[in-house]
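Visitor: Next up, data.cif (mmCIF, C-alpha atoms).
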```cif
data_entry
loop_
_atom_site.group_PDB
_atom_site.id
_atom_site.type_symbol
_atom_site.label_atom_id
_atom_site.label_comp_id
_atom_site.auth_asym_id
_atom_site.auth_seq_id
_atom_site.Cartn_x
_atom_site.Cartn_y
_atom_site.Cartn_z
ATOM 1 C CA MET A 1 0.000 0.000 0.000
ATOM 2 C CA HIS A 2 1.156 3.490 -0.791
ATOM 3 C CA ALA A 3 0.868 6.708 1.169
ATOM 4 C CA ASN A 4 -2.603 7.381 -0.245
ATOM 5 C CA GLY A 5 -3.760 3.866 0.734
ATOM 6 C CA MET A 6 -3.933 2.775 -2.898
ATOM 7 C CA MET A 7 -2.638 -0.624 -3.973
ATOM 8 C CA ARG A 8 -0.903 -0.532 -7.366
ATOM 9 C CA ILE A 9 -1.286 -3.554 -9.623
ATOM 10 C CA ALA A 10 0.446 -4.399 -12.902
ATOM 11 C CA ILE A 11 -1.054 -6.603 -15.607
ATOM 12 C CA THR A 12 1.371 -8.349 -17.920
ATOM 13 C CA GLY A 13 1.463 -11.251 -20.341
ATOM 14 C CA GLY A 14 2.801 -11.983 -23.775
ATOM 15 C CA ILE A 15 1.462 -10.546 -27.006
ATOM 16 C CA GLY A 16 -1.820 -12.233 -27.935
ATOM 17 C CA SER A 17 -2.493 -13.526 -24.423
ATOM 18 C CA GLY A 18 -5.661 -11.446 -24.111
ATOM 19 C CA LYS A 19 -4.582 -8.671 -21.732
ATOM 20 C CA SER A 20 -6.908 -6.160 -23.421
ATOM 21 C CA PHE A 21 -9.873 -8.503 -22.937
ATOM 22 C CA PHE A 22 -9.028 -8.823 -19.233
ATOM 23 C CA CYS A 23 -8.706 -5.029 -18.950
ATOM 24 C CA ARG A 24 -12.179 -4.641 -20.489
ATOM 25 C CA MET A 25 -13.444 -7.169 -17.938
ATOM 26 C CA LEU A 26 -12.003 -5.006 -15.146
ATOM 27 C CA GLN A 27 -13.857 -1.993 -16.553
ATOM 28 C CA ARG A 28 -17.111 -3.832 -15.837
ATOM 29 C CA TYR A 29 -16.098 -3.665 -12.178
ATOM 30 C CA GLY A 30 -15.347 0.046 -12.370
ATOM 31 C CA ILE A 31 -11.569 -0.367 -12.706
ATOM 32 C CA GLU A 32 -9.779 1.760 -15.295
ATOM 33 C CA VAL A 33 -6.390 0.461 -16.436
ATOM 34 C CA TYR A 34 -3.456 2.630 -17.497
ATOM 35 C CA ASP A 35 -2.382 1.388 -20.946
ATOM 36 C CA CYS A 36 1.415 1.740 -21.080
ATOM 37 C CA ASP A 37 1.530 0.955 -24.802
ATOM 38 C CA ALA A 38 -1.083 3.592 -25.705
ATOM 39 C CA VAL A 39 0.655 6.204 -23.529
ATOM 40 C CA ALA A 40 4.043 5.341 -25.071
ATOM 41 C CA LYS A 41 2.537 5.875 -28.544
ATOM 42 C CA ARG A 42 0.998 9.182 -27.466
ATOM 43 C CA LEU A 43 4.272 10.396 -25.959
ATOM 44 C CA MET A 44 6.221 9.321 -29.068
ATOM 45 C CA ARG A 45 3.790 11.396 -31.136
ATOM 46 C CA TYR A 46 3.594 14.525 -29.005
ATOM 47 C CA SER A 47 6.654 14.790 -26.761
ATOM 48 C CA ARG A 48 9.313 16.844 -28.538
ATOM 49 C CA ASP A 49 12.096 15.538 -26.262
ATOM 50 C CA LEU A 50 11.095 11.929 -26.884
ATOM 51 C CA ARG A 51 10.885 12.449 -30.637
ATOM 52 C CA ASP A 52 14.282 14.105 -30.779
ATOM 53 C CA SER A 53 15.866 11.278 -28.774
ATOM 54 C CA LEU A 54 14.293 8.587 -30.970
ATOM 55 C CA VAL A 55 15.359 10.330 -34.183
ATOM 56 C CA GLY A 56 18.888 10.575 -32.784
ATOM 57 C CA LEU A 57 18.825 6.826 -32.160
ATOM 58 C CA VAL A 58 16.961 5.457 -35.191
ATOM 59 C CA GLY A 59 17.502 8.125 -37.858
ATOM 60 C CA ASP A 60 15.867 11.120 -39.539
ATOM 61 C CA ASP A 61 13.408 8.923 -41.480
ATOM 62 C CA LEU A 62 11.649 7.845 -38.264
ATOM 63 C CA TYR A 63 9.175 10.724 -38.511
ATOM 64 C CA GLU A 64 7.786 11.692 -41.896
ATOM 65 C CA GLY A 65 5.739 14.861 -41.902
ATOM 66 C CA GLY A 66 5.602 14.619 -38.120
ATOM 67 C CA VAL A 67 4.164 11.075 -38.272
ATOM 68 C CA LEU A 68 5.970 8.194 -36.585
ATOM 69 C CA GLN A 69 6.904 5.506 -39.126
ATOM 70 C CA LYS A 70 5.932 2.516 -37.009
ATOM 71 C CA HIS A 71 7.365 -0.056 -39.428
ATOM 72 C CA LEU A 72 10.809 1.594 -39.162
ATOM 73 C CA LEU A 73 10.670 1.603 -35.364
ATOM 74 C CA ALA A 74 9.472 -2.032 -35.307
ATOM 75 C CA SER A 75 12.292 -3.121 -37.653
ATOM 76 C CA PHE A 76 14.834 -1.275 -35.511
ATOM 77 C CA ILE A 77 13.536 -2.875 -32.289
ATOM 78 C CA LEU A 78 13.379 -6.397 -33.745
ATOM 79 C CA SER A 79 16.872 -6.233 -35.262
ATOM 80 C CA SER A 80 18.662 -6.612 -31.902
ATOM 81 C CA VAL A 81 18.230 -6.779 -28.147
ATOM 82 C CA GLU A 82 20.517 -3.733 -27.859
ATOM 83 C CA ASN A 83 18.223 -1.700 -30.114
ATOM 84 C CA ALA A 84 15.125 -2.704 -28.142
ATOM 85 C CA THR A 85 16.886 -1.762 -24.895
ATOM 86 C CA ALA A 86 17.979 1.605 -26.314
ATOM 87 C CA VAL A 87 14.403 2.465 -27.359
ATOM 88 C CA ASN A 88 13.045 1.328 -23.973
ATOM 89 C CA ASP A 89 15.619 3.488 -22.177
ATOM 90 C CA ILE A 90 14.210 6.516 -23.979
ATOM 91 C CA VAL A 91 10.488 5.752 -23.804
ATOM 92 C CA HIS A 92 10.041 3.976 -20.463
ATOM 93 C CA PRO A 93 11.210 6.684 -18.055
ATOM 94 C CA ALA A 94 8.679 9.055 -19.633
ATOM 95 C CA VAL A 95 5.870 6.469 -19.377
ATOM 96 C CA ALA A 96 6.814 5.589 -15.774
ATOM 97 C CA ALA A 97 6.751 9.241 -14.729
ATOM 98 C CA ASP A 98 3.393 9.703 -16.459
ATOM 99 C CA PHE A 99 1.905 6.644 -14.691
ATOM 100 C CA MET A 100 3.188 7.615 -11.248
ATOM 101 C CA GLY A 101 1.510 11.011 -11.612
ATOM 102 C CA SER A 102 -1.668 9.683 -13.223
ATOM 103 C CA GLY A 103 -3.674 8.560 -10.187
ATOM 104 C CA PHE A 104 -4.298 5.147 -11.797
ATOM 105 C CA ALA A 105 -3.972 2.080 -9.560
ATOM 106 C CA TRP A 106 -3.722 -0.500 -12.389
ATOM 107 C CA LEU A 107 -1.354 -0.552 -15.348
ATOM 108 C CA GLU A 108 -0.984 -2.909 -18.307
ATOM 109 C CA SER A 109 2.362 -3.652 -19.963
ATOM 110 C CA ALA A 110 3.347 -6.639 -22.115
ATOM 111 C CA ILE A 111 7.018 -5.980 -21.421
ATOM 112 C CA TYR A 112 6.684 -5.113 -17.731
ATOM 113 C CA PHE A 113 9.423 -7.554 -16.682
ATOM 114 C CA SER A 114 11.553 -8.034 -19.791
ATOM 115 C CA SER A 115 12.119 -4.318 -20.329
ATOM 116 C CA GLY A 116 12.937 -3.641 -16.689
ATOM 117 C CA PHE A 117 9.876 -1.376 -16.457
ATOM 118 C CA TYR A 118 9.088 -2.968 -13.092
ATOM 119 C CA LYS A 119 12.181 -1.216 -11.701
ATOM 120 C CA ARG A 120 10.833 2.175 -12.763
ATOM 121 C CA VAL A 121 7.424 2.039 -11.028
ATOM 122 C CA SER A 122 6.242 1.147 -7.544
ATOM 123 C CA ILE A 123 3.872 -1.842 -7.837
ATOM 124 C CA ASP A 124 2.362 -4.067 -5.120
ATOM 125 C CA ARG A 125 1.012 -7.032 -7.118
ATOM 126 C CA VAL A 126 1.416 -8.428 -10.630
ATOM 127 C CA VAL A 127 -1.241 -10.310 -12.619
ATOM 128 C CA CYS A 128 -0.094 -12.398 -15.592
ATOM 129 C CA VAL A 129 -2.609 -13.149 -18.368
ATOM 130 C CA THR A 130 -1.821 -16.406 -20.185
ATOM 131 C CA ALA A 131 -3.044 -18.354 -23.219
ATOM 132 C CA PRO A 132 -1.711 -21.332 -25.214
ATOM 133 C CA LEU A 133 0.768 -20.532 -27.993
ATOM 134 C CA GLU A 134 -1.568 -21.446 -30.870
ATOM 135 C CA VAL A 135 -4.364 -19.295 -29.439
ATOM 136 C CA ARG A 136 -1.939 -16.368 -29.180
ATOM 137 C CA VAL A 137 -0.678 -16.846 -32.746
ATOM 138 C CA ALA A 138 -4.243 -16.951 -34.115
ATOM 139 C CA ARG A 139 -5.176 -13.786 -32.189
ATOM 140 C CA ILE A 140 -2.139 -11.847 -33.439
ATOM 141 C CA MET A 141 -2.640 -12.963 -37.051
ATOM 142 C CA HIS A 142 -6.306 -11.933 -36.917
ATOM 143 C CA ARG A 143 -5.733 -8.649 -35.071
ATOM 144 C CA ASP A 144 -2.721 -7.393 -37.022
ATOM 145 C CA GLY A 145 -3.318 -9.102 -40.366
ATOM 146 C CA ILE A 146 0.175 -10.602 -40.342
ATOM 147 C CA SER A 147 1.609 -14.021 -41.115
ATOM 148 C CA ARG A 148 2.095 -16.867 -38.670
ATOM 149 C CA GLU A 149 5.868 -16.391 -39.031
ATOM 150 C CA LYS A 150 5.674 -12.676 -38.167
ATOM 151 C CA SER A 151 3.357 -13.456 -35.220
ATOM 152 C CA LEU A 152 5.856 -15.990 -33.880
ATOM 153 C CA GLU A 153 8.667 -13.471 -34.379
ATOM 154 C CA TRP A 154 6.849 -11.010 -32.093
ATOM 155 C CA ILE A 155 6.104 -13.740 -29.541
ATOM 156 C CA ASN A 156 9.706 -14.963 -29.549
ATOM 157 C CA CYS A 157 11.179 -11.499 -29.009
ATOM 158 C CA GLN A 158 9.366 -11.335 -25.637
ATOM 159 C CA TRP A 159 9.918 -13.310 -22.464
ATOM 160 C CA SER A 160 8.168 -16.676 -22.328
ATOM 161 C CA GLN A 161 4.881 -16.969 -20.443
ATOM 162 C CA ALA A 162 6.599 -19.273 -17.959
ATOM 163 C CA GLU A 163 9.185 -16.589 -17.124
ATOM 164 C CA MET A 164 6.529 -13.898 -16.669
ATOM 165 C CA LEU A 165 4.309 -16.182 -14.614
ATOM 166 C CA CYS A 166 7.208 -17.078 -12.351
ATOM 167 C CA MET A 167 7.604 -13.403 -11.340
ATOM 168 C CA SER A 168 3.862 -12.677 -11.039
ATOM 169 C CA ASP A 169 1.534 -12.995 -8.059
ATOM 170 C CA TYR A 170 -1.613 -14.095 -9.907
ATOM 171 C CA GLU A 171 -2.583 -15.762 -13.196
ATOM 172 C CA ILE A 172 -5.626 -15.153 -15.379
ATOM 173 C CA VAL A 173 -6.074 -17.922 -17.968
ATOM 174 C CA ASN A 174 -7.568 -16.436 -21.142
ATOM 175 C CA ASP A 175 -7.581 -19.424 -23.483
ATOM 176 C CA GLY A 176 -11.072 -18.886 -24.880
ATOM 177 C CA ILE A 177 -12.431 -21.659 -22.645
ATOM 178 C CA ALA A 178 -11.802 -20.661 -19.003
ATOM 179 C CA ASP A 179 -14.292 -18.191 -17.462
ATOM 180 C CA VAL A 180 -12.378 -14.892 -17.325
ATOM 181 C CA ASP A 181 -15.215 -13.087 -15.541
ATOM 182 C CA LYS A 182 -15.203 -15.631 -12.713
ATOM 183 C CA GLN A 183 -11.389 -15.434 -12.456
ATOM 184 C CA THR A 184 -11.639 -11.625 -12.357
ATOM 185 C CA ARG A 185 -14.176 -11.698 -9.504
ATOM 186 C CA LEU A 186 -12.017 -14.127 -7.517
ATOM 187 C CA LEU A 187 -8.940 -11.974 -8.096
ATOM 188 C CA LEU A 188 -10.711 -8.823 -6.910
ATOM 189 C CA GLU A 189 -11.866 -10.697 -3.796
ATOM 190 C CA LYS A 190 -8.272 -11.769 -3.073
ATOM 191 C CA LEU A 191 -7.078 -8.211 -3.566
ATOM 192 C CA LYS A 192 -9.962 -6.963 -1.394
ATOM 193 C CA ILE A 193 -11.106 -4.582 -4.115
ATOM 194 C CA ASN A 194 -14.755 -3.529 -4.476
ATOM 195 C CA GLU A 195 -15.596 -4.618 -0.928
#
```
Here is a file; write its structure as structure tokens.
Guide:
Amino acid sequence: MHANGMMRIAITGGIGSGKSFFCRMLQRYGIEVYDCDAVAKRLMRYSRDLRDSLVGLVGDDLYEGGVLQKHLLASFILSSVENATAVNDIVHPAVAADFMGSGFAWLESAIYFSSGFYKRVSIDRVVCVTAPLEVRVARIMHRDGISREKSLEWINCQWSQAEMLCMSDYEIVNDGIADVDKQTRLLLEKLKINE
């Protein structure tokens, strides 16, 4: 618990595990979740300091007419662990500062552990959303309109579910079969939220 009596909770899980679905489930219980990815995108669009730092790292082509060229950033990040770390070291401190001043109690980040983001924010509990590999691949292919190979490339550049789960306090199984609503209610009871 923090000075204001608020418990801070992080939601993580690999790409395609269904974190967004779980976050929508939480909304039904009146819980708004801070979306680290959406905030990172917003800051990369509108923060002059962030843009300048990213251009210095990736190159002048990164923004065309003031618009972030996402495919260039994705290629840069996927080309090496060092590149991904360098981008995270620019973006994550800004996102962490934004979250800590936001008043939100819950945050969602796919790369909460692997990027070291957990060292930048003060969190009490971590919930890991999981799903079988083939379910994740199908979700990514459908959502992003990309190939199986590209989906697996994104999955493989993140920590494994087992690694994330090992460092988390709770698991939500979102395999398309298990009852996510029931798991959500049980989790909120354990966390003593909405009492």
Visitor: On this structure, the PyMOL selection byres ((chain A and resi 87-104) around 7) would catch which residues? List them as a list in words, sorted by chain and number.
Guide: Val33, Tyr34, Cys36, Val39, Ala40, Leu50, Ser53, Asn83, Ala84, Thr85, Ala86, Ala105, Trp106, Ser115, Phe117, Arg120 and Val121 of chain A
Visitor: Write to file, as a tab-separated table (two decimals), in the coordinates of the input, the residues of the selection just made, with C-alpha atoms.
Guide:
```
chain	number	residue	atom	x	y	z
A	33	VAL	CA	-6.39	0.46	-16.44
A	34	TYR	CA	-3.46	2.63	-17.50
A	36	CYS	CA	1.42	1.74	-21.08
A	39	VAL	CA	0.66	6.20	-23.53
A	40	ALA	CA	4.04	5.34	-25.07
A	50	LEU	CA	11.10	11.93	-26.88
A	53	SER	CA	15.87	11.28	-28.77
A	83	ASN	CA	18.22	-1.70	-30.11
A	84	ALA	CA	15.12	-2.70	-28.14
A	85	THR	CA	16.89	-1.76	-24.90
A	86	ALA	CA	17.98	1.60	-26.31
A	105	ALA	CA	-3.97	2.08	-9.56
A	106	TRP	CA	-3.72	-0.50	-12.39
A	115	SER	CA	12.12	-4.32	-20.33
A	117	PHE	CA	9.88	-1.38	-16.46
A	120	ARG	CA	10.83	2.17	-12.76
A	121	VAL	CA	7.42	2.04	-11.03
```
Visitor: Give the answer as one residue: which of A:Glu108, A:Asp49, A:Glu64, A:Glu82 has the shortest atom-to-atom distance to Asp37 in chain A, using all atoms listed in the file?
Guide: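 Smallest distance to Asp37 in chain A is found for A:Glu108.
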Visitor: Between A:Arg125, A:Arg139, A:Lys150, A:Lys192, which one has atoms that come closest to Thr12 in chain A, using all atoms listed in the file?
Guide: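 Nearest to Thr12 in chain A: A:Arg125.
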Visitor: With only C-alpha atoms as the basis for distance, which of A:Leu26, A:Ala38, A:Ala74, A:Ile155 is at the shortest distance from Ile11 in chain A?
Guide: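 Once distances to Ile11 in chain A are computed over only C-alpha atoms, the minimum belongs to A:Leu26.
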Visitor: Give me the residues near range 172-188 of chain A as a PyMOL selection string, where near means some atom within 6 Å (using all atoms listed in the file) and where sequence neighbours in that chain fewer than 4 positions away do not count.
Guide: chain A and resi 129-131+192-193
Visitor: Using the chain letters and numbering of this document, enumerate as a list in words the residues selected by the PyMOL selection byres ((chain A and resi 169) around 6).
Guide: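 When the PyMOL selection byres ((chain A and resi 169) around 6) is applied to the shown file, the picked residues are Val126, Val127, Ser168 and Tyr170 of chain A.
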Visitor: Quick one: write out the picked residues with C-alpha atoms as a tab-separated table (two decimals), in the frame of the given file?
Guide:
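Saved as result_36.tsv:
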```tsv
chain	number	residue	atom	x	y	z
A	126	VAL	CA	1.42	-8.43	-10.63
A	127	VAL	CA	-1.24	-10.31	-12.62
A	168	SER	CA	3.86	-12.68	-11.04
A	170	TYR	CA	-1.61	-14.10	-9.91
```
Visitor: Just to confirm, what's the straight-line distance from CA of Ile146 in chain A to CA of Arg24 in chain A in Å (one decimal)?
Guide: 24.1 Å
Visitor: Which residues, written as number ranges by chain, have at least one atom at most 10 Å from Asn156 in chain A, with all atoms listed in the file counted and residues fewer than 5 positions away on the same chain left out?
Guide: A: 14-15, 150-151
Visitor: When distances are computed from all atoms listed in the file, which of A:Arg51, A:Ala138, A:Ser20, A:Ile9 shows the smallest separation from Leu191 in chain A?
Guide: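 Distance minimum relative to Leu191 in chain A lands on A:Ile9.
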Visitor: Considering all atoms listed in the file, return as an NGL selection string whatever protein or nucleic-acid residues lie within 10 Å of Gly66 in chain A, sequence-local ones (same chain, fewer than 3 positions apart) excluded.
Guide: :A and (45-46 or 51 or 62-63 or 69)
Visitor: Create the file for the chosen residues now, containing C-alpha atoms and written as a PDB file, in the coordinates of the input.
Guide:
```pdb
ATOM      1  CA  ARG A  45       3.790  11.396 -31.136  1.00  0.00           C
ATOM      2  CA  TYR A  46       3.594  14.525 -29.005  1.00  0.00           C
ATOM      3  CA  ARG A  51      10.885  12.449 -30.637  1.00  0.00           C
ATOM      4  CA  LEU A  62      11.649   7.845 -38.264  1.00  0.00           C
ATOM      5  CA  TYR A  63       9.175  10.724 -38.511  1.00  0.00           C
ATOM      6  CA  GLN A  69       6.904   5.506 -39.126  1.00  0.00           C
TER       7      GLN A  69
END
```
Visitor: Here is a test: counting all atoms listed in the file, which residue of A:Gly65, A:Met164, A:Asp124, A:Phe76 is nearest to Leu107 in chain A?
Guide: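 When distances to Leu107 in chain A are compared using all atoms listed in the file, the smallest one comes from A:Asp124.
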Visitor: What is the CA of Cys128 in chain A to CA of Gly13 in chain A distance in Å?
Guide: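 Here the two named atoms are 5.1 Å from each other.
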Visitor: Which residue, A:Lys70, A:His142, A:Lys19, A:Arg136, has the smallest gap to Met44 in chain A when you use only C-alpha atoms?
Guide: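 Going through A:Lys70, A:His142, A:Lys19, A:Arg136 one by one, the smallest distance to Met44 in chain A is for A:Lys70.
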Visitor: Which value, in Å to one decimal, gives the distance between CA of Cys23 in chain A and CA of Glu163 in chain A?
Guide: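 That distance, rounded to one decimal, is 21.4 Å.
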